[in-house]
Amino acid sequence: MTVGIVVVSHSSKIAEGAVELAAQMAPDVGLVAAGGTDDDRIGTSLEKVLAAVEQSLVDSGGDGVVVLTDLGSAVMTAESAMEFASNPDAVRLADAPLVEGLVAAAVAAQGGAGVEDVRKAAEAAGSASSPEAAKRTDLPDPYGQDDPDASGDFELINPMGMHARPAAKIAGGLSGLDAEVTVNGVDGMSIMALMALAAGQGSSLHVEARGKDASKAVEYVGRLVKEGFGEL
């Protein structure tokens, strides 16, 4: 079993489309769409969201459920559904952008992460909304040093290079490690920043990591790259 994920949107088409996208990167994760009202209008339905949460709780086999939402009132609906859920302690609401957060959460769940780490993966995905934000140099180094604890250079061998799936795998896996990681100068846990690198086949990724799991982080990225992100 893996952690289940519920997508709450004001539009059934948005919820279903987001689930379809994430399923391409996390085929073993139970993803449930809960979009629109009961009569398929724009809006949210407590009954529909609660049913999705309950289904996901069953499908996850006790591993827990993470809920992602789009707009403000969807958050309130999700919170209400969590209160009425049969096991509210097993449900987490992620404060994350719907699509980017969903992809990161799904990849983390696919990798076997627990419910809290899946929630953190979703929220970390929204910590930097652009390469410019990820490259900020005015932020203090949390580890009090300039030189990385570990680093590595890896050549992309997969045909499509750094597109959505590889970016999600990198960001999702790094979210569970105790390290600050940059890839070619951008935040390694930002899917959008990684995609914006536009690194094609043959490009080199320079990875730097600081923190307790720095070596693990660099090795993780290196392994993904050398395996072609499973696309060869």
# chains A, B, ... in the order shown; residues from 1 in each chain; ligands from 1
call {"tool": "residues_around", "arguments": {"residues": "Met160 in chain A", "least_positions_apart": "6", "cutoff": "12 Å", "atoms": "only C-alpha atoms", "output": "list of chain:residue names"}}
result
A:Pro166, A:Ala167, A:Met195, A:Ala198, A:Ala199, A:Gly200, A:Gln201, A:Gly202, A:Ser203, A:Gly228, A:Phe229, A:Gly230, A:Glu231, A:Leu232
call {"tool": "residues_around", "arguments": {"residues": "range 95-99 of chain A", "least_positions_apart": "2", "cutoff": "6 Å", "atoms": "only C-alpha atoms", "output": "ChimeraX atom specification"}}
result
/A:69-70,101-102,122-123,126
call {"tool": "closest_residue", "arguments": {"among": "A:Asp39, A:Glu219, A:Glu227, A:Glu16", "to": "Leu177 in chain A", "atoms": "only C-alpha atoms"}}
result
A:Glu219
call {"tool": "closest_residue", "arguments": {"among": "A:Val186, A:Ala150, A:Val181, A:Val7", "to": "Ala22 in chain A", "atoms": "only C-alpha atoms"}}
result
A:Val7
call {"tool": "residues_around", "arguments": {"residues": "Met82 in chain A", "least_positions_apart": "6", "cutoff": "10 Å", "atoms": "only C-alpha atoms", "output": "JSON, numbers by chain"}}
result
{"A": [46, 49, 50, 53, 54, 67, 76, 88, 89, 90, 91, 92, 93]}
call {"tool": "write_last_selection", "arguments": {"atoms": "N, CA, C and O atoms", "output": "JSON list (two decimals), in the first residue's frame"}}
result
[["chain", "number", "residue", "atom", "x", "y", "z"],
["A", 46, "LEU", "N", -19.22, 18.84, 0.09],
["A", 46, "LEU", "CA", -18.74, 18.15, 1.28],
["A", 46, "LEU", "C", -18.93, 16.65, 1.14],
["A", 46, "LEU", "O", -18.03, 15.86, 1.49],
["A", 49, "VAL", "N", -16.33, 15.20, -1.31],
["A", 49, "VAL", "CA", -14.97, 15.21, -0.75],
["A", 49, "VAL", "C", -14.85, 14.17, 0.36],
["A", 49, "VAL", "O", -13.86, 13.43, 0.44],
["A", 50, "LEU", "N", -15.87, 14.08, 1.22],
["A", 50, "LEU", "CA", -15.83, 13.10, 2.30],
["A", 50, "LEU", "C", -15.79, 11.68, 1.73],
["A", 50, "LEU", "O", -15.05, 10.82, 2.23],
["A", 53, "VAL", "N", -12.29, 11.01, 0.53],
["A", 53, "VAL", "CA", -11.38, 10.78, 1.66],
["A", 53, "VAL", "C", -11.57, 9.38, 2.22],
["A", 53, "VAL", "O", -10.60, 8.65, 2.48],
["A", 54, "GLU", "N", -12.82, 8.97, 2.39],
["A", 54, "GLU", "CA", -13.10, 7.64, 2.94],
["A", 54, "GLU", "C", -12.60, 6.55, 1.99],
["A", 54, "GLU", "O", -12.03, 5.54, 2.42],
["A", 67, "VAL", "N", -4.52, 15.47, 1.37],
["A", 67, "VAL", "CA", -5.51, 16.18, 0.58],
["A", 67, "VAL", "C", -4.90, 17.47, 0.04],
["A", 67, "VAL", "O", -4.26, 18.22, 0.78],
["A", 76, "MET", "N", -11.81, 24.96, 3.03],
["A", 76, "MET", "CA", -12.82, 24.82, 4.08],
["A", 76, "MET", "C", -13.61, 23.54, 3.93],
["A", 76, "MET", "O", -13.92, 22.86, 4.92],
["A", 88, "PRO", "N", -9.74, 10.74, 11.22],
["A", 88, "PRO", "CA", -9.19, 12.06, 10.90],
["A", 88, "PRO", "C", -7.70, 12.19, 11.18],
["A", 88, "PRO", "O", -7.01, 12.97, 10.53],
["A", 89, "ASP", "N", -7.17, 11.42, 12.13],
["A", 89, "ASP", "CA", -5.75, 11.51, 12.45],
["A", 89, "ASP", "C", -4.86, 10.99, 11.33],
["A", 89, "ASP", "O", -3.67, 11.27, 11.30],
["A", 90, "ALA", "N", -5.45, 10.23, 10.41],
["A", 90, "ALA", "CA", -4.67, 9.67, 9.29],
["A", 90, "ALA", "C", -4.71, 10.54, 8.06],
["A", 90, "ALA", "O", -4.14, 10.19, 7.02],
["A", 91, "VAL", "N", -5.39, 11.70, 8.15],
["A", 91, "VAL", "CA", -5.55, 12.58, 7.00],
["A", 91, "VAL", "C", -4.78, 13.88, 7.22],
["A", 91, "VAL", "O", -4.84, 14.48, 8.29],
["A", 92, "ARG", "N", -4.03, 14.31, 6.19],
["A", 92, "ARG", "CA", -3.27, 15.55, 6.26],
["A", 92, "ARG", "C", -3.71, 16.48, 5.12],
["A", 92, "ARG", "O", -3.91, 16.04, 3.99],
["A", 93, "LEU", "N", -3.85, 17.76, 5.43],
["A", 93, "LEU", "CA", -4.17, 18.76, 4.41],
["A", 93, "LEU", "C", -2.90, 19.50, 4.06],
["A", 93, "LEU", "O", -2.24, 20.08, 4.94]]
call {"tool": "atom_distance", "arguments": {"atom1": "CA of Ala33 in chain A", "atom2": "CA of Gln110 in chain A"}}
result
17.5 Å
call {"tool": "closest_residue", "arguments": {"among": "A:Glu100, A:Asp40, A:Asp213, A:Asp63", "to": "Leu194 in chain A", "atoms": "only C-alpha atoms"}}
result
A:Glu100
call {"tool": "select_by_dssp", "arguments": {"residues": "range 46-194 of chain A", "states": "helix (DSSP H, G or I)", "output": "ChimeraX atom specification"}}
result
/A:46-59,72-84,88-90,98-110,115-125,131-134,164-174,191-194
call {"tool": "atom_distance", "arguments": {"atom1": "CA of Ala217 in chain A", "atom2": "CA of Lys169 in chain A"}}
result
12.3 Å
call {"tool": "atom_distance", "arguments": {"atom1": "CA of Asp178 in chain A", "atom2": "CA of Pro148 in chain A"}}
result
13.7 Å
